[in-house]
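Text of the file start25.txt, holding compact mmCIF, C-alpha atoms:
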```
# COMPACT_ATOMS: atom_id res chain seq x y z
CA MET M 26 59.28 4.86 -22.84
CA LYS M 27 62.06 2.85 -24.49
CA TYR M 28 60.22 -0.44 -23.78
CA LEU M 29 57.08 0.81 -25.46
CA GLN M 30 58.89 2.27 -28.46
CA PHE M 31 60.83 -0.90 -29.27
CA ARG M 32 59.44 -2.19 -32.62
CA TRP M 33 56.10 -0.64 -31.66
CA LYS M 34 54.79 -0.10 -35.21
CA GLN M 35 55.30 -3.72 -36.21
CA ARG M 36 53.88 -5.04 -32.93
CA LEU M 37 50.89 -2.69 -32.93
CA LEU M 38 50.09 -3.70 -36.48
CA ILE M 39 50.03 -7.37 -35.44
CA VAL M 40 47.85 -6.59 -32.38
CA LEU M 41 45.42 -4.58 -34.52
CA LEU M 42 45.29 -7.18 -37.31
CA VAL M 43 44.59 -10.02 -34.86
CA SER M 44 42.02 -7.93 -32.96
CA ILE M 45 40.21 -6.78 -36.10
CA THR M 46 40.13 -10.36 -37.46
CA MET M 47 38.73 -11.66 -34.16
CA SER M 48 36.20 -8.81 -34.08
CA ILE M 49 34.95 -9.61 -37.59
CA LEU M 50 34.58 -13.26 -36.57
CA MET M 51 32.63 -12.19 -33.47
CA MET M 52 30.29 -10.11 -35.62
CA GLY M 53 29.24 -13.39 -37.20
CA LEU M 54 27.46 -14.20 -33.92
CA GLU M 55 24.49 -12.12 -35.07
CA LEU M 56 23.77 -14.81 -37.67
CA THR M 57 23.30 -17.52 -35.03
CA ASP M 58 19.96 -18.83 -33.70
CA TRP M 59 20.93 -17.40 -30.32
CA ALA M 60 20.98 -13.87 -31.78
CA VAL M 61 17.76 -14.42 -33.73
CA ASN M 62 16.00 -15.60 -30.53
CA ILE M 63 17.14 -12.55 -28.52
CA ASN M 64 16.18 -10.16 -31.32
CA GLN M 65 12.72 -11.75 -31.50
CA THR M 66 12.04 -11.74 -27.75
CA GLY M 67 13.65 -8.29 -27.28
CA TYR M 68 16.02 -6.99 -24.62
CA SER M 69 15.95 -3.86 -22.54
CA HIS M 70 18.36 -2.71 -19.89
CA GLY M 71 18.13 0.54 -17.94
CA ASP M 72 16.36 2.46 -20.66
CA ASN M 73 13.14 3.06 -18.73
CA ASP M 74 12.33 6.72 -18.13
CA THR M 75 11.60 6.44 -14.40
CA LYS M 76 14.53 7.75 -12.38
CA PRO M 77 15.35 6.02 -9.06
CA ASN M 78 14.51 8.02 -5.95
CA ILE M 79 18.07 8.46 -4.62
CA PRO M 80 20.23 11.52 -3.93
CA PRO M 81 21.88 12.83 -7.17
CA ILE M 82 25.40 12.32 -5.80
CA LEU M 83 24.69 8.58 -5.44
CA MET M 84 23.79 8.43 -9.14
CA TYR M 85 27.47 9.18 -9.85
CA VAL M 86 28.97 7.18 -6.97
CA LEU M 87 26.93 3.94 -7.11
CA PRO M 88 28.20 2.76 -10.55
CA PHE M 89 31.78 2.96 -9.24
CA ILE M 90 30.85 1.14 -6.01
CA LYS M 91 29.24 -1.56 -8.16
CA GLU M 92 32.49 -1.86 -10.14
CA ILE M 93 34.63 -2.02 -6.98
CA ILE M 94 32.41 -4.83 -5.63
CA LEU M 95 32.33 -6.73 -8.95
CA ILE M 96 36.13 -6.53 -9.23
CA GLY M 97 37.02 -6.64 -5.52
CA VAL M 98 34.97 -9.64 -4.36
CA PRO M 99 36.37 -12.11 -6.95
CA LEU M 100 39.84 -10.65 -6.33
CA PHE M 101 39.52 -11.25 -2.58
CA LEU M 102 38.05 -14.76 -3.01
CA THR M 103 40.82 -15.72 -5.45
CA LEU M 104 43.48 -14.46 -3.03
CA ILE M 105 41.95 -16.61 -0.27
CA TRP M 106 41.84 -19.60 -2.65
CA ILE M 107 45.53 -19.11 -3.61
CA LYS M 108 46.47 -18.85 0.09
CA ILE M 109 44.58 -22.09 0.93
CA VAL M 110 46.19 -23.95 -2.00
CA ASN M 111 49.65 -22.72 -0.90
CA ILE M 112 49.01 -23.87 2.70
CA ILE M 113 47.86 -27.32 1.52
CA LYS M 114 50.91 -27.61 -0.77
CA ARG M 115 53.26 -26.59 2.04
CA MET M 116 51.63 -29.08 4.43
CA SER M 117 51.82 -31.95 1.96
CA SER M 118 55.49 -31.22 1.11
CA HIS M 119 56.23 -30.96 4.85
CA ASN M 120 54.57 -34.37 5.42
CA LYS M 121 56.56 -35.88 2.54
CA THR M 122 59.90 -34.72 3.97
CA LYS M 123 58.85 -35.90 7.44
CA HIS M 124 57.91 -39.43 6.28
CA GLY M 125 60.39 -39.74 3.41
CA MET T 26 59.46 7.12 -8.91
CA SER T 27 61.04 9.55 -11.38
CA ASN T 28 62.91 6.86 -13.34
CA TRP T 29 59.95 4.56 -13.97
CA LYS T 30 60.30 4.95 -17.75
CA GLN T 31 63.76 3.34 -17.58
CA ASN T 32 62.49 0.15 -15.95
CA LEU T 33 60.19 -2.31 -17.73
CA HIS T 34 58.33 -3.42 -14.58
CA LYS T 35 57.80 0.14 -13.41
CA THR T 36 56.61 1.20 -16.87
CA ARG T 37 54.17 -1.72 -16.83
CA TYR T 38 53.01 -0.76 -13.33
CA VAL T 39 52.28 2.89 -14.25
CA MET T 40 50.60 1.94 -17.54
CA ASP T 41 48.54 -0.80 -15.86
CA ALA T 42 47.36 1.69 -13.22
CA ILE T 43 46.27 4.05 -16.03
CA LEU T 44 44.57 1.10 -17.76
CA LEU T 45 42.66 0.13 -14.60
CA ILE T 46 41.52 3.70 -13.89
CA SER T 47 40.44 4.27 -17.49
CA PHE T 48 38.64 0.89 -17.51
CA MET T 49 36.69 1.89 -14.40
CA LEU T 50 35.82 5.27 -15.92
CA VAL T 51 34.57 3.89 -19.23
CA SER T 52 32.69 1.07 -17.48
CA ALA T 53 30.34 3.45 -15.65
CA PRO T 54 28.06 4.98 -18.31
CA GLN T 55 25.41 5.66 -15.64
CA ALA T 56 27.85 8.07 -13.99
CA THR T 57 29.70 9.54 -16.97
CA GLY T 58 26.93 9.63 -19.56
CA ILE T 59 26.72 7.70 -22.83
CA ALA T 60 28.79 10.14 -24.91
CA VAL T 61 31.79 10.02 -22.53
CA HIS T 62 31.32 6.23 -22.28
CA GLU T 63 31.48 5.74 -26.05
CA TRP T 64 34.22 8.27 -26.90
CA GLY T 65 36.16 7.19 -23.81
CA SER T 66 35.91 3.56 -24.93
CA LEU T 67 37.44 4.55 -28.26
CA LEU T 68 40.32 6.23 -26.40
CA PHE T 69 40.58 3.19 -24.10
CA ILE T 70 42.01 1.28 -27.08
CA ILE T 71 45.27 3.22 -26.48
CA PRO T 72 46.05 2.06 -22.88
CA PHE T 73 44.73 -1.42 -23.79
CA SER T 74 47.13 -1.61 -26.76
CA ILE T 75 49.99 -0.27 -24.59
CA HIS T 76 49.24 -3.05 -22.07
CA LEU T 77 49.54 -5.66 -24.85
CA LEU T 78 52.72 -4.09 -26.27
CA LEU T 79 54.40 -3.97 -22.85
CA HIS T 80 53.65 -7.69 -22.39
CA TRP T 81 54.75 -8.59 -25.91
CA ASP T 82 57.32 -11.20 -24.84
CA TRP T 83 54.76 -12.85 -22.55
CA ILE T 84 52.19 -12.98 -25.38
CA LYS T 85 54.79 -14.33 -27.83
CA ASN T 86 55.85 -17.12 -25.48
CA SER T 87 52.44 -17.90 -23.94
CA ALA T 88 51.38 -20.40 -26.62
CA LYS T 89 54.74 -22.20 -26.27
CA HIS T 90 54.41 -22.22 -22.47
CA LEU T 91 50.89 -23.61 -22.69
CA ILE T 92 52.12 -26.87 -24.23
CA SER T 93 55.23 -27.08 -22.05
CA ASN T 94 55.52 -28.50 -18.54
CA ILE T 95 54.21 -25.64 -16.38
CA SER T 96 52.22 -25.54 -13.15
CA ALA T 97 48.41 -25.64 -13.17
CA ARG T 98 48.32 -22.05 -11.90
CA GLN T 99 50.55 -20.78 -14.72
CA ARG T 100 48.43 -22.68 -17.26
CA PHE T 101 45.22 -21.24 -15.79
CA ASN T 102 46.77 -17.75 -15.84
CA ILE T 103 47.57 -17.99 -19.57
CA ILE T 104 44.10 -19.32 -20.47
CA TRP T 105 42.48 -16.66 -18.26
CA ASP T 106 44.43 -13.85 -19.96
CA TYR T 107 43.33 -15.08 -23.39
CA ALA T 108 39.72 -15.25 -22.11
CA ILE T 109 39.89 -11.65 -20.82
CA TYR T 110 41.28 -10.47 -24.16
CA LEU T 111 38.42 -12.16 -26.04
CA MET T 112 35.82 -10.83 -23.58
CA MET T 113 37.27 -7.32 -23.93
CA LEU T 114 37.06 -7.61 -27.73
CA LEU T 115 33.45 -8.80 -27.46
CA ALA T 116 32.60 -5.81 -25.24
CA PHE T 117 34.30 -3.47 -27.76
CA VAL T 118 32.61 -4.98 -30.82
CA SER T 119 29.15 -5.14 -29.25
CA GLY T 120 29.61 -1.62 -27.84
CA PHE T 121 30.43 -0.17 -31.24
CA LEU T 122 27.47 -2.01 -32.79
CA ILE T 123 25.02 -0.38 -30.35
CA SER T 124 26.65 3.05 -30.45
CA ILE T 125 24.17 5.93 -30.20
CA SER T 126 26.72 8.73 -29.89
CA LEU T 127 29.98 7.73 -31.57
CA PHE T 128 28.84 6.43 -34.97
CA PRO T 129 26.03 9.00 -35.48
CA ALA T 130 28.62 11.74 -34.81
CA LEU T 131 30.73 10.23 -37.59
CA ASN T 132 27.66 10.08 -39.88
CA ILE T 133 27.65 6.27 -39.79
CA GLU T 134 24.19 4.73 -39.50
CA ILE T 135 23.82 1.37 -37.80
CA ASN T 136 20.81 -0.83 -37.15
CA ILE T 137 20.99 -1.52 -33.39
CA GLN T 138 20.03 -5.08 -32.50
CA ASP T 139 18.77 -6.23 -29.09
CA PHE T 140 21.22 -9.11 -29.35
CA TRP T 141 24.26 -6.80 -29.32
CA SER T 142 22.76 -4.75 -26.45
CA LYS T 143 22.50 -7.92 -24.38
CA VAL T 144 25.96 -9.15 -25.40
CA HIS T 145 27.47 -5.75 -24.54
CA HIS T 146 25.80 -5.57 -21.13
CA ASP T 147 26.67 -9.18 -20.25
CA SER T 148 30.27 -9.09 -21.51
CA ALA T 149 31.00 -5.74 -19.80
CA THR T 150 29.56 -7.03 -16.51
CA LEU T 151 31.45 -10.33 -16.79
CA LEU T 152 34.72 -8.47 -17.51
CA MET T 153 34.79 -7.04 -13.98
CA PRO T 154 34.98 -10.31 -12.00
CA MET T 155 37.34 -11.65 -14.68
CA LEU T 156 39.56 -8.61 -14.10
CA GLY T 157 39.36 -9.18 -10.34
CA ILE T 158 40.67 -12.74 -10.77
CA HIS T 159 43.35 -11.48 -13.20
CA LEU T 160 44.53 -8.96 -10.57
CA ALA T 161 44.54 -11.66 -7.87
CA LEU T 162 46.66 -13.96 -10.03
CA ASN T 163 49.24 -11.17 -10.37
CA TRP T 164 48.79 -9.84 -6.82
CA SER T 165 52.31 -10.63 -5.57
CA TRP T 166 53.76 -8.60 -8.50
CA ILE T 167 51.37 -5.71 -7.76
CA VAL T 168 52.34 -5.67 -4.06
CA LYS T 169 56.07 -5.93 -4.85
CA LEU T 170 55.94 -3.10 -7.41
CA SER T 171 53.75 -0.93 -5.17
CA LYS T 172 56.43 -1.18 -2.48
CA ARG T 173 59.22 -0.42 -4.95
CA MET T 174 57.35 2.53 -6.44
CA SER T 175 56.67 4.04 -3.02
CA GLN T 176 60.34 3.86 -1.97
CA ARG T 177 62.21 7.15 -2.18
CA GLY T 178 64.71 7.48 -5.02
CA GLU T 179 63.43 4.37 -6.77
```

Can you dump the structure from the file as structure tokens?
Amino acid sequence: MKYLQFRWKQRLLIVLLVSITMSILMMGLELTDWAVNINQTGYSHGDNDTKPNIPPILMYVLPFIKEIILIGVPLFLTLIWIKIVNIIKRMSSHNKTKHG
Amino acid sequence: MSNWKQNLHKTRYVMDAILLISFMLVSAPQATGIAVHEWGSLLFIIPFSIHLLLHWDWIKNSAKHLISNISARQRFNIIWDYAIYLMMLLAFVSGFLISISLFPALNIEINIQDFWSKVHHDSATLLMPMLGIHLALNWSWIVKLSKRMSQRGE
């Protein structure tokens, strides 16, 4: 772990100081009109007592499948996008060398 | 694989794998339960900090790179990494402010606001596609290191 141990105290202190400062600034969001509006209208997510009628094993598996989809689909789409951009770049540079 | 601690890229690879697995575990409170979610999130600060420390040189030079003549993809990558960091902080902050297990166990009373519940849910959900794009932008490195790590004697 020599790479992790190199000046780790000094670096960790900087990371923590920056993160704590940013966090304190973020806490100021609760003073905005946006926060006041949400607190007035209320918000609830998944705290209703009715349990979904699905096998118990799925209760443990489905959250991870949701994560895999939420991470995997943008990952896959971005990879396709990068591939398309690379193909276009290669084609345009090929055309330039052909005509130039 | 035995000498991964002696190589920066391999150390990053192993630590990033631990970071990804721990992120997925703490991001599923429906499966793990709220207590594991909250205490696990507190522990998650460790692999997250290790990730930042192992990319210290990148972080240090990123601001300089941003104003230099780099490709659009590199520029997007830097901005995206900053955005993920901020979103992760927002998820942390909002999560601690709606804690029902962690802070009460430490005898700290907080007034939970609907605003922070919404921010926590939205930021945590948004983090996942952001992470997916982050992984895609570093995909060639992931594939290269996966191959190197799976080779015998490496």

How many Å separate CA of Asn86 (chain T) from CA of Tyr110 (chain T)?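 According to the coordinates, CA of Asn86 (chain T) and CA of Tyr110 (chain T) are separated by 16.1 Å.
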
Ranking T:Ile75, T:Met49, T:Ile125, T:Trp29 by minimum distance to Phe31 (chain M) and counting all atoms listed in the file, which one comes first? T:Ile75

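Proximity ranking of T:Ile104, T:Ala97, T:Met155, T:Leu127 relative to Leu68 (chain T) places T:Leu127 first, based on only C-alpha atoms.
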
Min atom-atom distance to Phe89 (chain M) from the set T:Asn102, T:Thr57, T:Ser74, T:Ser119, counting all atoms listed in the file, belongs to T:Thr57

List as a tab-separated table every residue of chain M that is in contact with chain T, defined as an atom at most 7 Å from one of its atoms (using all atoms listed in the file), together with the nearest atom pair and the distance in Å rounded to one decimal, sorted by chain and then rising number.
```
residue	atom	partner	partner_atom	distance
M:Met26	CA	T:Lys30	CA	5.2
M:Tyr28	CA	T:Leu33	CA	6.3
M:Leu29	CA	T:Leu79	CA	6.1
M:Arg36	CA	T:Leu78	CA	6.8
M:Ser48	CA	T:Val118	CA	6.2
M:Met51	CA	T:Leu115	CA	6.9
M:Ala60	CA	T:Phe140	CA	5.3
M:Ile63	CA	T:Phe140	CA	5.4
M:Asn64	CA	T:Asp139	CA	5.2
M:Gly67	CA	T:Asp139	CA	5.8
M:Tyr68	CA	T:Asp139	CA	5.3
M:Met84	CA	T:Ala56	CA	6.3
M:Tyr85	CA	T:Ala56	CA	4.3
M:Pro88	CA	T:Ala53	CA	5.6
M:Phe89	CA	T:Ala53	CA	6.6
M:Glu92	CA	T:Met153	CA	6.8
M:Leu95	CA	T:Pro154	CA	5.4
M:Ile96	CA	T:Gly157	CA	4.3
M:Gly97	CA	T:Gly157	CA	5.9
M:Pro99	CA	T:Gly157	CA	5.4
M:Leu100	CA	T:Gly157	CA	4.3
M:Thr103	CA	T:Ala161	CA	6.0
M:Leu104	CA	T:Ala161	CA	5.7
```

Length of the CA of Ile112 (chain M) to CA of Ser96 (chain T) vector [Å]: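 It comes out at 16.3 Å.
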
Could you check how far CA of Ser87 (chain T) sits from CA of Lys108 (chain M), in Å to one decimal?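 Spanning CA of Ser87 (chain T) to CA of Lys108 (chain M) is a straight-line distance of 24.8 Å.
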
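Distances to Leu67 (chain T) were evaluated for T:Ile103, T:Val51, T:Ile109, T:Ile92 using all atoms listed in the file, and the minimum falls at T:Val51.
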